[in-house]
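For reference, my_file-v3.cif is printed below; it contains mmCIF, C-alpha atoms; chains and numbers go by the auth columns.
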```cif
data_final
loop_
_atom_site.group_PDB
_atom_site.id
_atom_site.type_symbol
_atom_site.label_atom_id
_atom_site.label_comp_id
_atom_site.label_asym_id
_atom_site.label_seq_id
_atom_site.Cartn_x
_atom_site.Cartn_y
_atom_site.Cartn_z
_atom_site.B_iso_or_equiv
_atom_site.auth_seq_id
_atom_site.auth_asym_id
ATOM 1 C CA MET A 1 12.871 0.705 -12.672 0.00 1 A
ATOM 2 C CA ARG A 2 10.452 3.587 -12.754 0.00 2 A
ATOM 3 C CA ILE A 3 7.276 3.621 -10.663 0.00 3 A
ATOM 4 C CA SER A 4 4.643 5.704 -12.456 0.00 4 A
ATOM 5 C CA ALA A 5 2.420 8.200 -10.661 0.00 5 A
ATOM 6 C CA ARG A 6 -0.484 5.926 -11.584 0.00 6 A
ATOM 7 C CA ALA A 7 1.121 2.937 -9.827 0.00 7 A
ATOM 8 C CA ASP A 8 2.108 5.034 -6.800 0.00 8 A
ATOM 9 C CA TYR A 9 -1.426 6.402 -6.470 0.00 9 A
ATOM 10 C CA ALA A 10 -2.941 2.937 -6.911 0.00 10 A
ATOM 11 C CA VAL A 11 -0.781 1.449 -4.155 0.00 11 A
ATOM 12 C CA ARG A 12 -1.545 4.376 -1.839 0.00 12 A
ATOM 13 C CA ALA A 13 -5.294 4.060 -2.502 0.00 13 A
ATOM 14 C CA ALA A 14 -5.148 0.300 -1.900 0.00 14 A
ATOM 15 C CA LEU A 15 -3.287 0.914 1.364 0.00 15 A
ATOM 16 C CA GLN A 16 -5.944 3.397 2.444 0.00 16 A
ATOM 17 C CA LEU A 17 -8.572 0.722 1.774 0.00 17 A
ATOM 18 C CA ALA A 18 -6.482 -1.887 3.615 0.00 18 A
ATOM 19 C CA ALA A 19 -6.326 0.372 6.653 0.00 19 A
ATOM 20 C CA SER A 20 -10.065 1.081 6.719 0.00 20 A
ATOM 21 C CA ARG A 21 -11.905 -0.360 9.665 0.00 21 A
ATOM 22 C CA ASP A 22 -14.360 -3.219 9.491 0.00 22 A
ATOM 23 C CA ASP A 23 -14.393 -3.403 5.696 0.00 23 A
ATOM 24 C CA VAL A 24 -16.460 -0.205 5.498 0.00 24 A
ATOM 25 C CA PRO A 25 -16.525 1.144 1.915 0.00 25 A
ATOM 26 C CA LEU A 26 -14.580 4.361 1.423 0.00 26 A
ATOM 27 C CA LYS A 27 -15.672 7.025 -0.993 0.00 27 A
ATOM 28 C CA ALA A 28 -13.204 7.970 -3.705 0.00 28 A
ATOM 29 C CA GLU A 29 -13.205 11.560 -2.414 0.00 29 A
ATOM 30 C CA ALA A 30 -12.138 10.392 1.054 0.00 30 A
ATOM 31 C CA ILE A 31 -9.312 8.292 -0.388 0.00 31 A
ATOM 32 C CA ALA A 32 -8.203 11.157 -2.628 0.00 32 A
ATOM 33 C CA ASP A 33 -8.194 13.609 0.286 0.00 33 A
ATOM 34 C CA ALA A 34 -6.401 11.243 2.663 0.00 34 A
ATOM 35 C CA GLN A 35 -3.649 10.457 0.169 0.00 35 A
ATOM 36 C CA ASP A 36 -3.493 13.792 -1.699 0.00 36 A
ATOM 37 C CA ILE A 37 -4.384 12.186 -5.033 0.00 37 A
ATOM 38 C CA PRO A 38 -6.253 14.094 -7.753 0.00 38 A
ATOM 39 C CA HIS A 39 -9.856 12.855 -7.482 0.00 39 A
ATOM 40 C CA LYS A 40 -10.575 12.408 -11.208 0.00 40 A
ATOM 41 C CA PHE A 41 -7.299 10.546 -11.716 0.00 41 A
ATOM 42 C CA LEU A 42 -8.111 8.312 -8.748 0.00 42 A
ATOM 43 C CA GLU A 43 -11.538 7.441 -10.177 0.00 43 A
ATOM 44 C CA GLY A 44 -9.868 5.984 -13.274 0.00 44 A
ATOM 45 C CA ILE A 45 -7.390 4.053 -11.147 0.00 45 A
ATOM 46 C CA LEU A 46 -10.132 2.646 -8.923 0.00 46 A
ATOM 47 C CA ASN A 47 -12.078 1.561 -12.008 0.00 47 A
ATOM 48 C CA ASP A 48 -9.001 -0.279 -13.316 0.00 48 A
ATOM 49 C CA MET A 49 -8.567 -1.900 -9.916 0.00 49 A
ATOM 50 C CA ARG A 50 -12.233 -2.916 -9.916 0.00 50 A
ATOM 51 C CA ARG A 51 -11.919 -4.450 -13.393 0.00 51 A
ATOM 52 C CA GLY A 52 -8.733 -6.183 -12.211 0.00 52 A
ATOM 53 C CA GLY A 53 -10.558 -7.781 -9.283 0.00 53 A
ATOM 54 C CA LEU A 54 -8.686 -5.936 -6.536 0.00 54 A
ATOM 55 C CA VAL A 55 -11.496 -3.685 -5.317 0.00 55 A
ATOM 56 C CA LEU A 56 -15.261 -3.841 -5.145 0.00 56 A
ATOM 57 C CA SER A 57 -17.490 -0.837 -5.611 0.00 57 A
ATOM 58 C CA GLN A 58 -20.812 -0.262 -3.940 0.00 58 A
ATOM 59 C CA ARG A 59 -23.315 2.345 -5.045 0.00 59 A
ATOM 60 C CA GLY A 60 -25.582 4.402 -2.863 0.00 60 A
ATOM 61 C CA GLY A 61 -25.359 6.631 0.173 0.00 61 A
ATOM 62 C CA ASN A 62 -23.224 4.124 2.037 0.00 62 A
ATOM 63 C CA GLY A 63 -21.320 3.243 -1.100 0.00 63 A
ATOM 64 C CA GLY A 64 -17.694 3.458 -1.952 0.00 64 A
ATOM 65 C CA TYR A 65 -14.785 1.111 -2.502 0.00 65 A
ATOM 66 C CA ARG A 66 -13.306 -1.725 -0.501 0.00 66 A
ATOM 67 C CA LEU A 67 -10.756 -4.427 -1.152 0.00 67 A
ATOM 68 C CA ALA A 68 -12.103 -7.488 -2.961 0.00 68 A
ATOM 69 C CA LYS A 69 -9.789 -9.805 -0.986 0.00 69 A
ATOM 70 C CA PRO A 70 -8.004 -9.653 2.352 0.00 70 A
ATOM 71 C CA ALA A 71 -5.070 -7.226 2.334 0.00 71 A
ATOM 72 C CA GLU A 72 -2.777 -10.141 3.232 0.00 72 A
ATOM 73 C CA SER A 73 -3.523 -11.767 -0.120 0.00 73 A
ATOM 74 C CA ILE A 74 -2.904 -8.715 -2.334 0.00 74 A
ATOM 75 C CA SER A 75 0.728 -8.028 -3.153 0.00 75 A
ATOM 76 C CA ILE A 76 2.154 -4.679 -4.162 0.00 76 A
ATOM 77 C CA ALA A 77 2.984 -6.366 -7.494 0.00 77 A
ATOM 78 C CA ASP A 78 -0.709 -7.212 -7.991 0.00 78 A
ATOM 79 C CA VAL A 79 -1.652 -3.558 -7.679 0.00 79 A
ATOM 80 C CA ILE A 80 1.100 -2.300 -9.985 0.00 80 A
ATOM 81 C CA ARG A 81 0.379 -4.920 -12.660 0.00 81 A
ATOM 82 C CA THR A 82 -3.330 -4.087 -12.556 0.00 82 A
ATOM 83 C CA VAL A 83 -2.825 -0.412 -13.342 0.00 83 A
ATOM 84 C CA ASP A 84 0.474 -0.407 -15.287 0.00 84 A
ATOM 85 C CA GLY A 85 0.999 -3.877 -16.761 0.00 85 A
ATOM 86 C CA PRO A 86 4.252 -5.847 -16.466 0.00 86 A
ATOM 87 C CA LEU A 87 6.612 -4.913 -13.652 0.00 87 A
ATOM 88 C CA VAL A 88 9.689 -4.784 -15.875 0.00 88 A
ATOM 89 C CA SER A 89 9.847 -4.148 -19.580 0.00 89 A
ATOM 90 C CA VAL A 90 12.511 -2.884 -21.951 0.00 90 A
ATOM 91 C CA ARG A 91 11.188 -0.479 -24.547 0.00 91 A
ATOM 92 C CA GLY A 92 7.714 -1.819 -23.749 0.00 92 A
ATOM 93 C CA VAL A 93 8.757 -5.441 -24.386 0.00 93 A
ATOM 94 C CA ARG A 94 8.953 -8.166 -21.757 0.00 94 A
ATOM 95 C CA PRO A 95 12.548 -9.372 -21.335 0.00 95 A
ATOM 96 C CA PRO A 96 12.014 -12.976 -22.556 0.00 96 A
ATOM 97 C CA ASP A 97 10.774 -11.579 -25.876 0.00 97 A
ATOM 98 C CA LEU A 98 14.024 -9.711 -26.512 0.00 98 A
ATOM 99 C CA SER A 99 17.157 -10.855 -28.297 0.00 99 A
ATOM 100 C CA TYR A 100 20.587 -9.305 -28.496 0.00 100 A
ATOM 101 C CA THR A 101 23.703 -10.048 -30.487 0.00 101 A
ATOM 102 C CA GLY A 102 27.423 -9.549 -30.133 0.00 102 A
ATOM 103 C CA PRO A 103 28.657 -7.749 -27.045 0.00 103 A
ATOM 104 C CA ALA A 104 25.050 -6.964 -26.027 0.00 104 A
ATOM 105 C CA GLN A 105 24.111 -10.669 -25.611 0.00 105 A
ATOM 106 C CA SER A 106 24.652 -10.499 -21.854 0.00 106 A
ATOM 107 C CA LEU A 107 22.001 -7.815 -21.526 0.00 107 A
ATOM 108 C CA LEU A 108 19.176 -10.344 -21.686 0.00 108 A
ATOM 109 C CA PRO A 109 20.233 -12.290 -18.569 0.00 109 A
ATOM 110 C CA LEU A 110 20.808 -8.950 -16.826 0.00 110 A
ATOM 111 C CA TRP A 111 17.234 -7.801 -17.601 0.00 111 A
ATOM 112 C CA ILE A 112 15.886 -11.210 -16.522 0.00 112 A
ATOM 113 C CA ALA A 113 17.828 -10.983 -13.222 0.00 113 A
ATOM 114 C CA LEU A 114 16.483 -7.474 -12.654 0.00 114 A
ATOM 115 C CA ARG A 115 12.929 -8.658 -13.287 0.00 115 A
ATOM 116 C CA SER A 116 13.439 -11.603 -10.944 0.00 116 A
ATOM 117 C CA ASN A 117 14.581 -9.339 -8.105 0.00 117 A
ATOM 118 C CA VAL A 118 11.797 -6.829 -8.649 0.00 118 A
ATOM 119 C CA ARG A 119 9.262 -9.667 -8.606 0.00 119 A
ATOM 120 C CA GLU A 120 10.766 -11.183 -5.468 0.00 120 A
ATOM 121 C CA ILE A 121 10.377 -7.932 -3.572 0.00 121 A
ATOM 122 C CA LEU A 122 7.037 -6.678 -4.891 0.00 122 A
ATOM 123 C CA GLU A 123 5.339 -10.091 -4.884 0.00 123 A
ATOM 124 C CA GLY A 124 6.668 -10.783 -1.392 0.00 124 A
ATOM 125 C CA VAL A 125 5.117 -7.690 0.201 0.00 125 A
ATOM 126 C CA SER A 126 1.375 -7.498 0.792 0.00 126 A
ATOM 127 C CA LEU A 127 -0.839 -4.499 1.377 0.00 127 A
ATOM 128 C CA ALA A 128 -1.210 -5.724 4.964 0.00 128 A
ATOM 129 C CA ASP A 129 2.584 -5.711 5.415 0.00 129 A
ATOM 130 C CA VAL A 130 2.883 -2.085 4.334 0.00 130 A
ATOM 131 C CA ALA A 131 -0.284 -0.891 6.072 0.00 131 A
ATOM 132 C CA SER A 132 0.933 -2.381 9.357 0.00 132 A
ATOM 133 C CA ALA A 133 4.521 -1.127 8.840 0.00 133 A
ATOM 134 C CA GLN A 134 5.729 -4.734 9.104 0.00 134 A
ATOM 135 C CA LEU A 135 7.841 -5.202 5.984 0.00 135 A
ATOM 136 C CA PRO A 136 9.375 -8.656 5.544 0.00 136 A
ATOM 137 C CA PRO A 137 12.857 -8.879 7.110 0.00 137 A
ATOM 138 C CA GLU A 138 14.529 -9.482 3.741 0.00 138 A
ATOM 139 C CA VAL A 139 13.030 -6.238 2.422 0.00 139 A
ATOM 140 C CA SER A 140 13.957 -4.275 5.530 0.00 140 A
ATOM 141 C CA ALA A 141 17.506 -5.635 5.284 0.00 141 A
ATOM 142 C CA LEU A 142 17.853 -4.105 1.823 0.00 142 A
ATOM 143 C CA THR A 143 17.279 -0.644 3.302 0.00 143 A
ATOM 144 C CA ALA A 144 19.693 -1.085 6.223 0.00 144 A
ATOM 145 C CA THR A 145 22.791 0.342 4.562 0.00 145 A
ATOM 146 C CA PRO A 146 23.268 4.082 3.969 0.00 146 A
ATOM 147 C CA ASP A 147 24.088 3.337 0.307 0.00 147 A
ATOM 148 C CA ALA A 148 20.524 2.136 -0.216 0.00 148 A
ATOM 149 C CA TRP A 149 19.281 5.662 0.521 0.00 149 A
ATOM 150 C CA ALA A 150 21.894 7.490 -1.584 0.00 150 A
ATOM 151 C CA ASN A 151 21.194 8.787 -5.078 0.00 151 A
ATOM 152 C CA PRO A 152 24.234 8.109 -7.251 0.00 152 A
#
```
Kindly return the structure encoded in the file as structure tokens.
Amino acid sequence: MRISARADYAVRAALQLAASRDDVPLKAEAIADAQDIPHKFLEGILNDMRRGGLVLSQRGGNGGYRLAKPAESISIADVIRTVDGPLVSVRGVRPPDLSYTGPAQSLLPLWIALRSNVREILEGVSLADVASAQLPPEVSALTATPDAWANP
């Protein structure tokens, strides 16, 4: 699986909003500076997140962006899907829409299993979990072995 820069920036911006105090709107410039995200690129991401119902925008001197829902109710998967679409695709196609023949027939269940595991992790972790550094135990367990950190 590949996480795009757009998805990475969106999650980081959402985490910055989740960590803001008392639901005070944050200006896009402040988010961009805090997370080292190109400002213009972030504006487009925040607009997608607004259209997707994840953030609210407020105009004016005290304006900015804030989460549309509590951070506990927004999963990492929600953010990624909002800015990038489906979590797992093969050549831009969702796995259930694929078909294979011959020795490649077993690829489809493999792609479905991959999608299932990606969903389980990304849907099971909220912005609040990451912002508070309290990942679910099953996610933390996946990082416990040295092999998890190695690049084959």
Between A:Gly64, A:Pro136, A:Pro109, A:Gly85, which has the minimum distance to Asp23 of chain A (counting only C-alpha atoms)?
->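 Closest to Asp23 of chain A, using only C-alpha atoms: A:Gly64.
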May I have the residues within 10 Å of Ala5 of chain A as a VMD selection string, using only C-alpha atoms and disregarding those fewer than 5 positions away in the same chain?
-> chain A and resid 10 to 11 37 84
Do you know which residues the PyMOL selection byres ((chain A and resi 112) around 12) returns on this file, as a short mmCIF file (atom, residue, chain, number, x, y, z; two decimals) with C-alpha atoms, in the frame of the given file?
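Result file is expr37.cif:
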```cif
data_model
loop_
_atom_site.label_atom_id
_atom_site.label_comp_id
_atom_site.auth_asym_id
_atom_site.auth_seq_id
_atom_site.Cartn_x
_atom_site.Cartn_y
_atom_site.Cartn_z
CA LEU A 87 6.61 -4.91 -13.65
CA VAL A 88 9.69 -4.78 -15.88
CA SER A 89 9.85 -4.15 -19.58
CA VAL A 90 12.51 -2.88 -21.95
CA ARG A 94 8.95 -8.17 -21.76
CA PRO A 95 12.55 -9.37 -21.34
CA PRO A 96 12.01 -12.98 -22.56
CA ASP A 97 10.77 -11.58 -25.88
CA LEU A 98 14.02 -9.71 -26.51
CA SER A 99 17.16 -10.86 -28.30
CA SER A 106 24.65 -10.50 -21.85
CA LEU A 107 22.00 -7.82 -21.53
CA LEU A 108 19.18 -10.34 -21.69
CA PRO A 109 20.23 -12.29 -18.57
CA LEU A 110 20.81 -8.95 -16.83
CA TRP A 111 17.23 -7.80 -17.60
CA ALA A 113 17.83 -10.98 -13.22
CA LEU A 114 16.48 -7.47 -12.65
CA ARG A 115 12.93 -8.66 -13.29
CA SER A 116 13.44 -11.60 -10.94
CA ASN A 117 14.58 -9.34 -8.10
CA VAL A 118 11.80 -6.83 -8.65
CA ARG A 119 9.26 -9.67 -8.61
#
```
Kindly indicate which residue among A:Gln35, A:Ser20, A:Ser126, A:Thr101 lies nearest to Asp78 of chain A, using only C-alpha atoms for the distances.
-> A:Ser126
Can you work out the spacing between atom CA of Ser140 of chain A and atom CA of Lys69 of chain A in Å, to one decimal?
->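 Going from atom CA of Ser140 of chain A over to atom CA of Lys69 of chain A, I get 25.2 Å.
This file, filtered with the PyMOL selection byres ((chain A and resi 127) around 10), gives the residues Val11, Arg12, Ala14, Leu15, Gln16, Leu17, Ala18, Ala19, Pro70, Ala71, Glu72, Ser73, Ile74, Ser75, Ile76, Ala77, Asp78, Val79, Val125, Ser126, Ala128, Asp129, Val130, Ala131, Ser132, Ala133 and Leu135 of chain A.
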In Å, with one decimal, what is the gap from atom CA of Ile80 of chain A to atom CA of Glu43 of chain A?
-> 16.0 Å
Distance criterion (only C-alpha atoms): nearest to Arg81 of chain A out of A:Ala144, A:Ala7, A:Met1, A:Ala104 |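 Looking only at the distances to Arg81 of chain A, the closest residue turns out to be A:Ala7.
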What does the distance from atom CA of Gly102 of chain A to atom CA of Pro152 of chain A come to in Å, to one decimal?
->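 About the pair atom CA of Gly102 of chain A and atom CA of Pro152 of chain A: they are 29.1 Å apart.
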Report as an MDAnalysis selection string the residues that result from applying the PyMOL selection byres ((chain A and resi 46) around 12) to the structure here.
-> chainID A and resid 6:7 9:14 17 26:29 31:32 37 39:45 47:57 64:68 79 82:83
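Nearest residue to Asp36 of chain A among A:Arg59, A:Pro86, A:Pro146, A:Asp8 is A:Asp8, counting all atoms listed in the file.
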